[in-house]
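Raw structure-v7.csv, CSV, C-alpha atoms:
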```
chain,number,residue,atom,x,y,z
A,62,MET,CA,-54.5,140.9,-123.3
A,63,ARG,CA,-56.7,142.3,-126.0
A,64,SER,CA,-59.6,142.6,-123.7
A,65,ARG,CA,-57.5,144.5,-121.2
A,66,LYS,CA,-56.4,147.0,-124.0
A,67,VAL,CA,-60.1,147.4,-124.9
A,68,LEU,CA,-61.0,148.1,-121.3
A,69,LEU,CA,-58.2,150.7,-120.9
A,70,LEU,CA,-59.3,152.3,-124.2
A,71,VAL,CA,-62.9,152.5,-123.0
A,72,LEU,CA,-61.8,153.9,-119.7
A,73,ALA,CA,-59.7,156.6,-121.4
A,74,VAL,CA,-62.7,157.6,-123.6
A,75,VAL,CA,-64.9,157.9,-120.5
A,76,LEU,CA,-62.4,160.0,-118.7
A,77,LEU,CA,-61.9,162.2,-121.7
A,78,ALA,CA,-65.6,162.7,-122.1
A,79,GLY,CA,-65.9,163.4,-118.4
A,80,GLY,CA,-63.1,166.0,-118.7
A,81,ILE,CA,-64.8,167.6,-121.6
A,82,ALA,CA,-68.1,167.7,-119.7
A,83,THR,CA,-66.4,169.1,-116.7
A,84,THR,CA,-64.7,171.8,-118.8
A,85,ALA,CA,-68.0,172.7,-120.4
A,86,ALA,CA,-69.8,172.9,-117.1
A,87,ALA,CA,-67.1,175.1,-115.7
A,88,ALA,CA,-67.4,177.6,-118.6
A,89,PRO,CA,-68.3,181.1,-117.2
A,90,ALA,CA,-71.7,182.5,-117.9
A,91,PRO,CA,-71.7,185.5,-120.3
A,92,PHE,CA,-71.6,189.0,-118.9
A,93,THR,CA,-75.2,190.2,-118.9
A,94,ILE,CA,-76.3,193.8,-119.6
A,95,GLY,CA,-79.8,194.9,-118.7
A,96,LEU,CA,-81.3,197.9,-120.6
A,97,VAL,CA,-84.3,200.0,-119.4
A,98,MET,CA,-86.0,202.0,-122.2
A,99,VAL,CA,-88.6,204.7,-121.9
A,100,GLY,CA,-90.4,203.7,-125.1
A,101,PRO,CA,-90.9,200.6,-127.3
A,102,TYR,CA,-87.6,198.9,-128.3
A,103,ASN,CA,-88.6,199.3,-131.9
A,104,ASP,CA,-89.9,202.9,-131.9
A,105,GLN,CA,-87.6,204.0,-134.8
A,106,GLY,CA,-86.3,206.6,-132.3
A,107,TRP,CA,-84.5,207.1,-129.1
A,108,SER,CA,-85.3,203.7,-127.5
A,109,GLN,CA,-84.4,201.7,-130.6
A,110,ALA,CA,-81.2,203.6,-131.0
A,111,ASN,CA,-80.3,202.5,-127.4
A,112,TYR,CA,-81.5,198.9,-128.1
A,113,ASP,CA,-79.3,198.8,-131.2
A,114,GLY,CA,-76.4,200.2,-129.1
A,115,ILE,CA,-76.5,197.2,-126.7
A,116,GLN,CA,-76.9,194.8,-129.6
A,117,TYR,CA,-73.7,196.2,-131.0
A,118,VAL,CA,-72.0,195.3,-127.7
A,119,VAL,CA,-73.5,191.8,-127.9
A,120,LYS,CA,-71.9,191.3,-131.3
A,121,LYS,CA,-68.6,192.8,-130.5
A,122,ALA,CA,-68.0,191.5,-127.0
A,123,GLY,CA,-70.1,188.3,-126.7
A,124,VAL,CA,-72.2,189.6,-123.8
A,125,LYS,CA,-75.8,188.7,-123.1
A,126,MET,CA,-78.6,191.3,-123.3
A,127,ILE,CA,-81.9,191.5,-121.4
A,128,TYR,CA,-84.2,194.5,-121.5
A,129,ILE,CA,-87.4,196.2,-120.3
A,130,ASP,CA,-89.0,198.7,-122.6
A,131,LYS,CA,-92.0,201.1,-122.2
A,132,ALA,CA,-90.6,202.1,-118.8
A,133,ASN,CA,-92.9,205.1,-118.3
A,134,PRO,CA,-95.9,206.0,-116.0
A,135,ALA,CA,-98.5,205.4,-118.8
A,136,ASP,CA,-97.3,201.9,-119.7
A,137,ARG,CA,-96.2,200.7,-116.2
A,138,PRO,CA,-98.3,202.6,-113.7
A,139,GLY,CA,-97.2,202.0,-110.1
A,140,THR,CA,-93.9,200.6,-111.0
A,141,THR,CA,-90.7,202.6,-110.5
A,142,VAL,CA,-87.7,202.5,-112.8
A,143,SER,CA,-85.5,201.3,-109.9
A,144,GLN,CA,-87.8,198.4,-109.4
A,145,LEU,CA,-87.4,197.5,-113.1
A,146,GLY,CA,-83.6,197.6,-112.5
A,147,GLU,CA,-84.1,195.2,-109.6
A,148,SER,CA,-85.9,192.8,-111.9
A,149,LEU,CA,-83.0,192.8,-114.4
A,150,VAL,CA,-80.5,192.1,-111.6
A,151,ALA,CA,-82.7,189.1,-110.6
A,152,GLN,CA,-82.3,187.8,-114.1
A,153,GLY,CA,-78.5,188.0,-113.9
A,154,ALA,CA,-77.6,191.5,-115.1
A,155,LYS,CA,-74.2,192.7,-113.9
A,156,MET,CA,-74.6,196.1,-115.7
A,157,VAL,CA,-77.8,198.1,-116.0
A,158,VAL,CA,-78.3,200.9,-118.5
A,159,PHE,CA,-81.0,203.5,-117.7
A,160,SER,CA,-81.5,205.1,-121.1
A,161,SER,CA,-83.6,208.2,-120.5
A,162,ASP,CA,-83.1,211.5,-118.8
A,163,ASP,CA,-86.4,211.2,-116.9
A,164,MET,CA,-84.9,208.1,-115.2
A,165,ALA,CA,-82.2,210.1,-113.5
A,166,ASP,CA,-83.4,210.1,-109.9
A,167,GLU,CA,-84.4,206.4,-110.0
A,168,ALA,CA,-81.1,205.5,-111.6
A,169,VAL,CA,-79.2,207.2,-108.7
A,170,LYS,CA,-81.4,205.4,-106.2
A,171,PHE,CA,-80.7,202.1,-107.8
A,172,ALA,CA,-76.9,202.7,-108.1
A,173,LEU,CA,-76.6,203.6,-104.5
A,174,ALA,CA,-78.6,200.5,-103.5
A,175,HIS,CA,-76.5,198.2,-105.7
A,176,PRO,CA,-72.8,199.3,-105.4
A,177,ASP,CA,-71.8,195.9,-107.0
A,178,ILE,CA,-73.8,196.5,-110.2
A,179,PHE,CA,-72.3,198.7,-113.0
A,180,VAL,CA,-74.7,201.4,-113.9
A,181,ILE,CA,-74.9,203.6,-117.0
A,182,MET,CA,-77.1,206.6,-116.8
A,183,THR,CA,-77.5,207.7,-120.4
A,184,SER,CA,-77.9,211.5,-121.1
A,185,GLY,CA,-77.3,212.3,-117.4
A,186,SER,CA,-74.7,214.3,-115.6
A,187,GLN,CA,-74.8,213.0,-112.0
A,188,VAL,CA,-71.1,212.0,-112.0
A,189,TRP,CA,-69.8,215.0,-113.9
A,190,LYS,CA,-67.4,216.5,-111.5
A,191,ASP,CA,-67.8,219.9,-113.2
A,192,GLY,CA,-71.5,219.7,-113.3
A,193,LYS,CA,-74.1,221.3,-111.0
A,194,THR,CA,-75.5,218.1,-109.5
A,195,TYR,CA,-72.3,216.0,-109.0
A,196,GLN,CA,-72.6,213.0,-106.8
A,197,ASP,CA,-69.8,210.5,-105.9
A,198,ILE,CA,-71.3,207.3,-107.2
A,199,PRO,CA,-68.4,204.9,-108.0
A,200,ASN,CA,-70.5,202.4,-109.9
A,201,MET,CA,-72.1,204.9,-112.3
A,202,VAL,CA,-71.0,206.3,-115.6
A,203,ASN,CA,-72.8,209.0,-117.6
A,204,ILE,CA,-72.8,208.8,-121.4
A,205,MET,CA,-74.1,211.3,-123.9
A,206,GLY,CA,-73.4,212.1,-127.5
A,207,ARG,CA,-72.8,215.7,-128.7
A,208,MET,CA,-76.1,215.8,-130.5
A,209,GLU,CA,-75.9,219.6,-130.5
A,210,LEU,CA,-73.6,219.3,-133.5
A,211,SER,CA,-75.9,216.9,-135.5
A,212,LYS,CA,-78.9,219.1,-134.6
A,213,MET,CA,-77.1,222.1,-136.0
A,214,ILE,CA,-76.6,220.1,-139.3
A,215,ALA,CA,-80.4,219.4,-139.2
A,216,GLY,CA,-80.9,223.2,-138.9
A,217,VAL,CA,-78.8,223.8,-141.9
A,218,ALA,CA,-80.8,221.3,-143.9
A,219,ALA,CA,-84.1,222.9,-142.8
A,220,ALA,CA,-82.9,226.5,-143.6
A,221,MET,CA,-81.6,225.5,-147.0
A,222,THR,CA,-85.0,223.9,-147.8
A,223,THR,CA,-87.7,226.1,-146.4
A,224,ARG,CA,-89.6,228.2,-149.0
A,225,THR,CA,-91.6,230.2,-146.4
A,226,GLY,CA,-88.7,231.0,-144.0
A,227,GLN,CA,-90.7,229.3,-141.2
A,228,ILE,CA,-89.3,226.3,-139.4
A,229,GLY,CA,-91.2,224.5,-136.6
A,230,TYR,CA,-89.6,222.4,-133.9
A,231,LEU,CA,-91.7,219.5,-132.4
A,232,GLY,CA,-90.4,219.4,-128.9
A,233,PRO,CA,-90.9,216.8,-126.1
A,234,LEU,CA,-90.8,218.1,-122.5
A,235,ILE,CA,-88.9,221.1,-121.4
A,236,ASN,CA,-85.5,220.7,-119.6
A,237,ASP,CA,-81.9,221.6,-120.1
A,238,GLU,CA,-81.3,218.9,-122.7
A,239,THR,CA,-84.3,219.8,-124.9
A,240,ARG,CA,-83.6,223.5,-124.6
A,241,ARG,CA,-80.0,223.1,-125.8
A,242,LEU,CA,-80.9,220.7,-128.6
A,243,SER,CA,-83.8,222.9,-130.0
A,244,SER,CA,-81.5,225.9,-129.7
A,245,SER,CA,-78.8,224.1,-131.7
A,246,VAL,CA,-81.2,223.5,-134.6
A,247,TYR,CA,-81.9,227.2,-134.5
A,248,LEU,CA,-78.2,228.1,-134.5
A,249,GLY,CA,-77.6,225.9,-137.5
A,250,ALA,CA,-80.6,227.2,-139.4
A,251,ARG,CA,-79.7,230.9,-138.7
A,252,TYR,CA,-76.1,230.3,-139.7
A,253,ALA,CA,-77.1,228.8,-143.1
A,254,TRP,CA,-79.8,231.4,-143.6
A,255,THR,CA,-77.4,234.3,-143.1
A,256,ASN,CA,-74.1,232.9,-144.4
A,257,TYR,CA,-75.1,230.6,-147.2
A,258,LEU,CA,-78.4,232.1,-148.4
A,259,LYS,CA,-77.4,235.7,-147.5
A,260,ARG,CA,-80.8,236.3,-146.0
A,261,ASP,CA,-81.8,238.7,-143.2
A,262,PRO,CA,-82.0,236.8,-139.9
A,263,ALA,CA,-85.1,238.8,-139.1
A,264,ASP,CA,-86.9,237.0,-141.9
A,265,LEU,CA,-86.3,233.5,-140.4
A,266,LYS,CA,-89.1,232.4,-138.1
A,267,PHE,CA,-88.3,229.5,-135.7
A,268,LYS,CA,-91.0,228.2,-133.3
A,269,VAL,CA,-90.8,225.5,-130.7
A,270,THR,CA,-94.0,223.7,-129.5
A,271,TRP,CA,-93.7,221.2,-126.7
A,272,ILE,CA,-96.0,218.1,-126.3
A,273,GLY,CA,-95.1,217.3,-122.7
A,274,PHE,CA,-93.2,214.0,-123.0
A,275,TRP,CA,-90.9,212.1,-125.3
A,276,PHE,CA,-93.8,210.6,-127.2
A,277,ASN,CA,-97.5,210.7,-127.3
A,278,ILE,CA,-99.5,209.6,-124.2
A,279,PRO,CA,-103.2,210.1,-125.0
A,280,GLY,CA,-104.8,212.3,-122.4
A,281,VAL,CA,-101.5,213.4,-120.9
A,282,THR,CA,-99.5,215.0,-123.7
A,283,SER,CA,-100.5,217.2,-126.6
A,284,ASP,CA,-101.0,215.1,-129.8
A,285,PRO,CA,-97.8,215.4,-131.8
A,286,SER,CA,-99.6,214.7,-135.1
A,287,GLN,CA,-101.9,217.7,-134.4
A,288,VAL,CA,-98.9,219.8,-133.4
A,289,ALA,CA,-97.2,219.0,-136.6
A,290,ASP,CA,-100.3,219.7,-138.6
A,291,ASP,CA,-100.7,223.0,-136.8
A,292,PHE,CA,-97.2,224.0,-137.9
A,293,PHE,CA,-97.9,223.0,-141.5
A,294,ASN,CA,-101.3,224.6,-141.7
A,295,SER,CA,-99.9,228.0,-140.4
A,296,GLY,CA,-97.1,228.5,-142.9
A,297,TYR,CA,-94.3,226.4,-141.5
A,298,ASP,CA,-93.1,224.2,-144.3
A,299,VAL,CA,-90.3,222.3,-142.4
A,300,VAL,CA,-90.8,220.6,-139.1
A,301,VAL,CA,-87.8,219.3,-137.2
A,302,SER,CA,-88.6,216.6,-134.6
A,303,GLY,CA,-87.2,216.5,-131.1
A,304,ILE,CA,-89.5,213.7,-129.9
A,305,ASP,CA,-88.8,209.9,-130.0
A,306,THR,CA,-91.4,209.0,-132.6
A,307,THR,CA,-92.1,209.8,-136.2
A,308,GLU,CA,-95.3,211.9,-136.3
A,309,ALA,CA,-93.6,214.9,-137.9
A,310,VAL,CA,-92.6,212.7,-140.9
A,311,THR,CA,-95.9,210.9,-141.1
A,312,GLU,CA,-97.9,214.1,-141.2
A,313,ALA,CA,-95.6,215.8,-143.7
A,314,ALA,CA,-96.0,212.7,-146.0
A,315,LYS,CA,-99.8,212.9,-145.7
A,316,LEU,CA,-99.8,216.6,-146.7
A,317,ALA,CA,-97.2,216.1,-149.5
A,318,ALA,CA,-99.5,213.4,-151.0
A,319,GLN,CA,-102.2,216.1,-151.2
A,320,GLY,CA,-99.8,218.3,-153.2
A,321,ARG,CA,-98.4,220.4,-150.4
A,322,GLN,CA,-94.7,221.5,-150.4
A,323,VAL,CA,-93.6,220.4,-146.9
A,324,TRP,CA,-90.7,218.6,-145.4
A,325,ALA,CA,-89.6,217.0,-142.1
A,326,VAL,CA,-86.6,216.0,-140.1
A,327,PRO,CA,-86.9,213.0,-137.8
A,328,TYR,CA,-84.6,212.3,-134.8
A,329,ASP,CA,-82.6,209.7,-132.9
A,330,TYR,CA,-82.5,206.6,-135.1
A,331,TYR,CA,-80.0,206.2,-137.9
A,332,ALA,CA,-82.4,204.6,-140.4
A,333,ALA,CA,-85.2,207.1,-139.8
A,334,TYR,CA,-84.1,209.0,-142.9
A,335,GLN,CA,-85.6,206.2,-145.0
A,336,THR,CA,-89.1,206.8,-143.7
A,337,SER,CA,-91.3,208.8,-146.2
A,338,PRO,CA,-88.3,209.6,-148.5
A,339,GLN,CA,-90.3,212.1,-150.6
A,340,ILE,CA,-90.3,214.6,-147.6
A,341,ASN,CA,-87.5,213.4,-145.4
A,342,LEU,CA,-84.5,215.8,-145.3
A,343,GLY,CA,-82.3,213.5,-143.2
A,344,VAL,CA,-81.9,212.4,-139.6
A,345,PRO,CA,-79.5,213.5,-136.8
A,346,TYR,CA,-79.0,210.3,-134.8
A,347,PHE,CA,-77.2,208.7,-131.9
A,348,ASN,CA,-74.8,205.8,-132.3
A,349,TRP,CA,-74.5,204.4,-128.7
A,350,GLY,CA,-72.7,201.2,-129.6
A,351,PRO,CA,-69.0,202.3,-129.4
A,352,ALA,CA,-69.4,204.1,-126.0
A,353,TYR,CA,-71.4,201.2,-124.5
A,354,LEU,CA,-68.8,198.8,-125.8
A,355,VAL,CA,-66.0,200.7,-124.1
A,356,ALA,CA,-67.9,200.8,-120.8
A,357,ALA,CA,-68.8,197.1,-120.9
A,358,LYS,CA,-65.2,196.1,-121.7
A,359,ALA,CA,-64.0,198.2,-118.8
A,360,ALA,CA,-66.5,196.6,-116.4
A,361,MET,CA,-65.5,193.0,-117.5
A,362,ALA,CA,-61.8,193.8,-117.3
A,363,GLY,CA,-62.0,195.3,-113.8
A,364,LYS,CA,-61.0,198.7,-115.1
A,365,TRP,CA,-64.3,200.5,-114.5
A,366,GLN,CA,-64.0,204.1,-113.3
A,367,SER,CA,-66.9,206.5,-112.6
A,368,HIS,CA,-67.0,209.4,-115.1
A,369,PHE,CA,-69.0,211.6,-117.4
A,370,GLU,CA,-68.5,211.6,-121.1
A,371,TRP,CA,-70.0,213.8,-123.8
A,372,ASN,CA,-68.9,212.3,-127.1
A,373,ALA,CA,-68.3,214.1,-130.3
A,374,PRO,CA,-68.7,212.8,-133.9
A,375,ASP,CA,-65.7,211.3,-135.7
A,376,TRP,CA,-65.0,214.2,-138.1
A,377,LYS,CA,-63.2,211.9,-140.5
A,378,ASN,CA,-66.6,210.4,-141.1
A,379,ILE,CA,-69.5,211.4,-138.9
A,380,ASN,CA,-71.4,208.3,-139.9
A,381,ALA,CA,-68.7,205.8,-139.1
A,382,PRO,CA,-70.5,203.0,-137.2
A,383,ASP,CA,-67.5,202.0,-135.0
A,384,THR,CA,-66.2,205.5,-134.1
A,385,SER,CA,-68.8,208.3,-134.3
A,386,ALA,CA,-71.1,208.9,-131.4
A,387,VAL,CA,-73.5,211.0,-133.4
A,388,GLY,CA,-74.1,211.4,-137.1
A,389,PHE,CA,-76.4,212.8,-139.8
A,390,ASN,CA,-77.9,210.7,-142.6
A,391,LYS,CA,-79.1,212.7,-145.5
A,392,GLY,CA,-82.6,212.1,-146.8
A,393,LYS,CA,-83.6,211.8,-150.4
A,394,ALA,CA,-85.7,215.0,-150.2
A,395,LEU,CA,-82.6,217.1,-149.6
A,396,SER,CA,-82.0,219.0,-152.8
A,397,PRO,CA,-78.5,219.1,-154.4
A,398,SER,CA,-78.0,222.7,-153.2
A,399,ALA,CA,-79.1,221.9,-149.7
A,400,SER,CA,-77.0,218.8,-149.7
A,401,ALA,CA,-74.0,220.9,-150.7
A,402,GLY,CA,-74.8,223.3,-147.9
A,403,VAL,CA,-74.9,220.4,-145.4
A,404,ASP,CA,-71.5,219.1,-146.6
A,405,ARG,CA,-70.0,222.6,-146.4
A,406,PHE,CA,-71.3,223.0,-142.9
A,407,ILE,CA,-69.9,219.7,-141.7
A,408,ARG,CA,-66.5,220.6,-143.1
A,409,GLU,CA,-66.7,223.9,-141.2
A,410,LEU,CA,-67.6,222.2,-138.0
A,411,ALA,CA,-64.7,219.8,-138.5
A,412,GLY,CA,-62.5,222.8,-139.0
A,413,GLY,CA,-63.4,224.3,-135.7
A,414,LEU,CA,-66.5,226.4,-136.4
A,415,LYS,CA,-68.3,227.3,-133.1
A,416,LEU,CA,-71.9,228.4,-133.1
A,417,TRP,CA,-72.2,228.5,-129.4
A,418,LYS,CA,-70.4,231.8,-129.5
A,419,GLY,CA,-71.3,235.4,-128.6
A,420,PRO,CA,-72.9,237.6,-129.1
A,421,LEU,CA,-75.8,235.6,-127.9
A,422,ALA,CA,-78.7,236.5,-125.7
A,423,LEU,CA,-81.4,234.4,-124.0
A,424,GLN,CA,-85.0,234.5,-125.1
A,425,ASP,CA,-85.9,237.3,-122.6
A,426,GLY,CA,-83.0,239.4,-123.7
A,427,THR,CA,-80.6,238.5,-120.9
A,428,PRO,CA,-77.0,238.5,-122.2
A,429,TYR,CA,-75.8,234.9,-122.5
A,430,LEU,CA,-72.4,235.1,-124.3
A,431,ASP,CA,-70.4,238.3,-124.9
A,432,ASP,CA,-69.1,239.0,-128.3
A,433,GLY,CA,-66.5,236.5,-129.3
A,434,LYS,CA,-66.8,234.4,-126.2
A,435,VAL,CA,-67.3,230.6,-126.8
A,436,ALA,CA,-69.7,228.9,-124.4
A,437,THR,CA,-68.3,226.4,-121.9
A,438,ASP,CA,-69.7,222.9,-121.7
A,439,GLN,CA,-71.5,223.9,-118.6
A,440,GLN,CA,-73.1,226.9,-120.3
A,441,VAL,CA,-74.4,224.7,-123.1
A,442,TRP,CA,-75.5,221.8,-121.0
A,443,TYR,CA,-77.4,223.9,-118.5
A,444,LEU,CA,-79.0,226.3,-121.0
A,445,PRO,CA,-81.6,228.1,-118.9
A,446,GLN,CA,-83.8,229.5,-121.7
A,447,LEU,CA,-84.3,229.2,-125.4
A,448,LEU,CA,-82.2,231.7,-127.4
A,449,GLN,CA,-83.2,235.1,-128.5
A,450,GLY,CA,-84.9,234.8,-132.0
A,451,MET,CA,-86.7,231.6,-131.0
A,452,GLU,CA,-90.4,231.6,-130.3
A,453,GLY,CA,-91.9,229.1,-127.8
A,454,GLN,CA,-91.9,228.3,-124.1
A,455,SER,CA,-88.6,228.3,-122.3
A,456,VAL,CA,-89.5,226.9,-118.9
A,457,PRO,CA,-92.2,224.4,-117.8
A,458,SER,CA,-95.5,225.7,-116.6
A,459,LYS,CA,-95.9,225.7,-112.8
```
Give the structure from this file in structure tokens form.
Amino acid sequence: MRSRKVLLLVLAVVLLAGGIATTAAAAPAPFTIGLVMVGPYNDQGWSQANYDGIQYVVKKAGVKMIYIDKANPADRPGTTVSQLGESLVAQGAKMVVFSSDDMADEAVKFALAHPDIFVIMTSGSQVWKDGKTYQDIPNMVNIMGRMELSKMIAGVAAAMTTRTGQIGYLGPLINDETRRLSSSVYLGARYAWTNYLKRDPADLKFKVTWIGFWFNIPGVTSDPSQVADDFFNSGYDVVVSGIDTTEAVTEAAKLAAQGRQVWAVPYDYYAAYQTSPQINLGVPYFNWGPAYLVAAKAAMAGKWQSHFEWNAPDWKNINAPDTSAVGFNKGKALSPSASAGVDRFIRELAGGLKLWKGPLALQDGTPYLDDGKVATDQQVWYLPQLLQGMEGQSVPSK
């Protein structure tokens, strides 16, 4: 009798263990997100901000992340971005994020070829129904942050700091995005110059120099370190970066170590304000995590809908990690008076201040916005030239 009880007990244990094993084997694989980045995943700029954004989703939603970085012609000659997307799908990706504007055509190609894969085209406008290039792509979402606002804050910091009245902008390549962002810095700088410092706008010099890509490619782009040095050596004492990497900060720090009064503003990555703190005025940055999380949850829940989003900061706290799409972290080199000017400007923006408001003209004098007219989203997104008062090239060379 006892042996029978023992046998039954052993049988029950075996069945229970088998049931546990069966349950474990049946557990679904985690939802996998693939990320394609134009630069290194740890560039302390645009690509790292996107990398951290997907890492945020990993932590919040338990998804799996795979990625490919350095997706550009110099690092991966002969390989297309859509092919890189294919390789991520082969590794199990159910969602693919193409995280650079120059990937737009390849992202569309990939999305149309893979209607069963969820696609995010970061910084694009392909599925913006009110945009100029709308396409009906059901599996694509466009996500962008309203960096124009954070760039205006950077402009205020620059204008409140400059001693020479000369601000340089280290630009990447020329397109709608980079025109509107550099112009936003100018608008913020001009506003602080005239309203806070009570200076003549004619005395503010603002110049944009483009290197030709988002970061340095030797033999292809202009050297951003040299461009930054050219600014500093010709009277510009603040350089605001629009590229993915930190050359503006690095060069300013070198000159400051030699006794020069110069400052810089990096871009993209929230922690970049900590680099070379003696000359760093702060960083306008993207916080991709919250928007990527919403998109991933919608995909996993079967609630995905193609759409375009252009996300504003959380005005209760523009640096809130769970709610604000863009922010501005102050640098230690920002003086108390400049810091107060930045705070004042943020309050005014939160209260409804509009700087994309007429009268404004384009660089060649063409009227852009009539007196009192506020620009539409389309007018800002598709800015055709730099603004009047800015020096620099407005359209790419043919």
Closest atom pairs, residues of segment 195-313 of chain A within 10 Å of segment 339-356 of chain A, only C-alpha atoms, as JSON lines:
```
{"residue": "A:Val202", "atom": "CA", "partner": "A:Ala356", "partner_atom": "CA", "distance": 8.2}
{"residue": "A:Ile204", "atom": "CA", "partner": "A:Ala352", "partner_atom": "CA", "distance": 7.4}
{"residue": "A:Met205", "atom": "CA", "partner": "A:Trp349", "partner_atom": "CA", "distance": 8.4}
{"residue": "A:Gly206", "atom": "CA", "partner": "A:Phe347", "partner_atom": "CA", "distance": 6.7}
{"residue": "A:Arg207", "atom": "CA", "partner": "A:Phe347", "partner_atom": "CA", "distance": 8.9}
{"residue": "A:Met208", "atom": "CA", "partner": "A:Phe347", "partner_atom": "CA", "distance": 7.3}
{"residue": "A:Glu209", "atom": "CA", "partner": "A:Pro345", "partner_atom": "CA", "distance": 9.5}
{"residue": "A:Leu210", "atom": "CA", "partner": "A:Pro345", "partner_atom": "CA", "distance": 8.9}
{"residue": "A:Ser211", "atom": "CA", "partner": "A:Pro345", "partner_atom": "CA", "distance": 5.1}
{"residue": "A:Lys212", "atom": "CA", "partner": "A:Pro345", "partner_atom": "CA", "distance": 6.0}
{"residue": "A:Met213", "atom": "CA", "partner": "A:Pro345", "partner_atom": "CA", "distance": 9.0}
{"residue": "A:Ile214", "atom": "CA", "partner": "A:Pro345", "partner_atom": "CA", "distance": 7.6}
{"residue": "A:Ala215", "atom": "CA", "partner": "A:Pro345", "partner_atom": "CA", "distance": 6.4}
{"residue": "A:Ala218", "atom": "CA", "partner": "A:Leu342", "partner_atom": "CA", "distance": 6.8}
{"residue": "A:Ala219", "atom": "CA", "partner": "A:Leu342", "partner_atom": "CA", "distance": 7.5}
{"residue": "A:Thr222", "atom": "CA", "partner": "A:Leu342", "partner_atom": "CA", "distance": 8.5}
{"residue": "A:Val299", "atom": "CA", "partner": "A:Leu342", "partner_atom": "CA", "distance": 9.2}
{"residue": "A:Val301", "atom": "CA", "partner": "A:Val344", "partner_atom": "CA", "distance": 9.4}
{"residue": "A:Ser302", "atom": "CA", "partner": "A:Val344", "partner_atom": "CA", "distance": 9.4}
{"residue": "A:Ala309", "atom": "CA", "partner": "A:Asn341", "partner_atom": "CA", "distance": 9.8}
{"residue": "A:Val310", "atom": "CA", "partner": "A:Asn341", "partner_atom": "CA", "distance": 6.8}
{"residue": "A:Thr311", "atom": "CA", "partner": "A:Ile340", "partner_atom": "CA", "distance": 9.3}
{"residue": "A:Glu312", "atom": "CA", "partner": "A:Ile340", "partner_atom": "CA", "distance": 9.9}
{"residue": "A:Ala313", "atom": "CA", "partner": "A:Ile340", "partner_atom": "CA", "distance": 6.7}
```
Saved selection, atoms kept: C-alpha atoms, as a PDB file, in the frame of the given file:
```pdb
ATOM      1  CA  VAL A 202     -71.000 206.300-115.600  1.00  0.00           C
ATOM      2  CA  ILE A 204     -72.800 208.800-121.400  1.00  0.00           C
ATOM      3  CA  MET A 205     -74.100 211.300-123.900  1.00  0.00           C
ATOM      4  CA  GLY A 206     -73.400 212.100-127.500  1.00  0.00           C
ATOM      5  CA  ARG A 207     -72.800 215.700-128.700  1.00  0.00           C
ATOM      6  CA  MET A 208     -76.100 215.800-130.500  1.00  0.00           C
ATOM      7  CA  GLU A 209     -75.900 219.600-130.500  1.00  0.00           C
ATOM      8  CA  LEU A 210     -73.600 219.300-133.500  1.00  0.00           C
ATOM      9  CA  SER A 211     -75.900 216.900-135.500  1.00  0.00           C
ATOM     10  CA  LYS A 212     -78.900 219.100-134.600  1.00  0.00           C
ATOM     11  CA  MET A 213     -77.100 222.100-136.000  1.00  0.00           C
ATOM     12  CA  ILE A 214     -76.600 220.100-139.300  1.00  0.00           C
ATOM     13  CA  ALA A 215     -80.400 219.400-139.200  1.00  0.00           C
ATOM     14  CA  ALA A 218     -80.800 221.300-143.900  1.00  0.00           C
ATOM     15  CA  ALA A 219     -84.100 222.900-142.800  1.00  0.00           C
ATOM     16  CA  THR A 222     -85.000 223.900-147.800  1.00  0.00           C
ATOM     17  CA  VAL A 299     -90.300 222.300-142.400  1.00  0.00           C
ATOM     18  CA  VAL A 301     -87.800 219.300-137.200  1.00  0.00           C
ATOM     19  CA  SER A 302     -88.600 216.600-134.600  1.00  0.00           C
ATOM     20  CA  ALA A 309     -93.600 214.900-137.900  1.00  0.00           C
ATOM     21  CA  VAL A 310     -92.600 212.700-140.900  1.00  0.00           C
ATOM     22  CA  THR A 311     -95.900 210.900-141.100  1.00  0.00           C
ATOM     23  CA  GLU A 312     -97.900 214.100-141.200  1.00  0.00           C
ATOM     24  CA  ALA A 313     -95.600 215.800-143.700  1.00  0.00           C
TER      25      ALA A 313
END
```
Do you have, as a Markdown table, the list of residues of segment 85-129 of chain A lying at most 12 Å from segment 163-187 of chain A, each with its nearest atom pair and that distance in Å to one decimal, counting all atoms listed in the file and ordered by chain then number?
```
| residue | atom | partner | partner_atom | distance |
| --- | --- | --- | --- | --- |
| A:Phe92 | CA | A:Phe179 | CA | 11.4 |
| A:Thr93 | CA | A:Phe179 | CA | 10.7 |
| A:Ile94 | CA | A:Phe179 | CA | 9.1 |
| A:Gly95 | CA | A:Val180 | CA | 9.6 |
| A:Leu96 | CA | A:Ile181 | CA | 9.3 |
| A:Val97 | CA | A:Met164 | CA | 9.1 |
| A:Met98 | CA | A:Met164 | CA | 9.3 |
| A:Val99 | CA | A:Met164 | CA | 8.4 |
| A:Gly100 | CA | A:Asp163 | CA | 11.8 |
| A:Trp107 | CA | A:Thr183 | CA | 11.2 |
| A:Ser108 | CA | A:Thr183 | CA | 11.3 |
| A:Ala110 | CA | A:Thr183 | CA | 12.0 |
| A:Asn111 | CA | A:Thr183 | CA | 9.2 |
| A:Gly114 | CA | A:Thr183 | CA | 11.5 |
| A:Ile115 | CA | A:Ile181 | CA | 11.7 |
```
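A straight line drawn from atom CA of Ala220 of chain A to atom CA of Arg251 of chain A is 7.3 Å long.
Distances here use only C-alpha atoms; by that measure, the residue among A:Ala289, A:Met156, A:Val403, A:Ile129 closest to Ala250 of chain A is A:Val403.
One distance worth recording is that between atom CA of Thr255 of chain A and atom CA of Arg240 of chain A, which is 22.3 Å.
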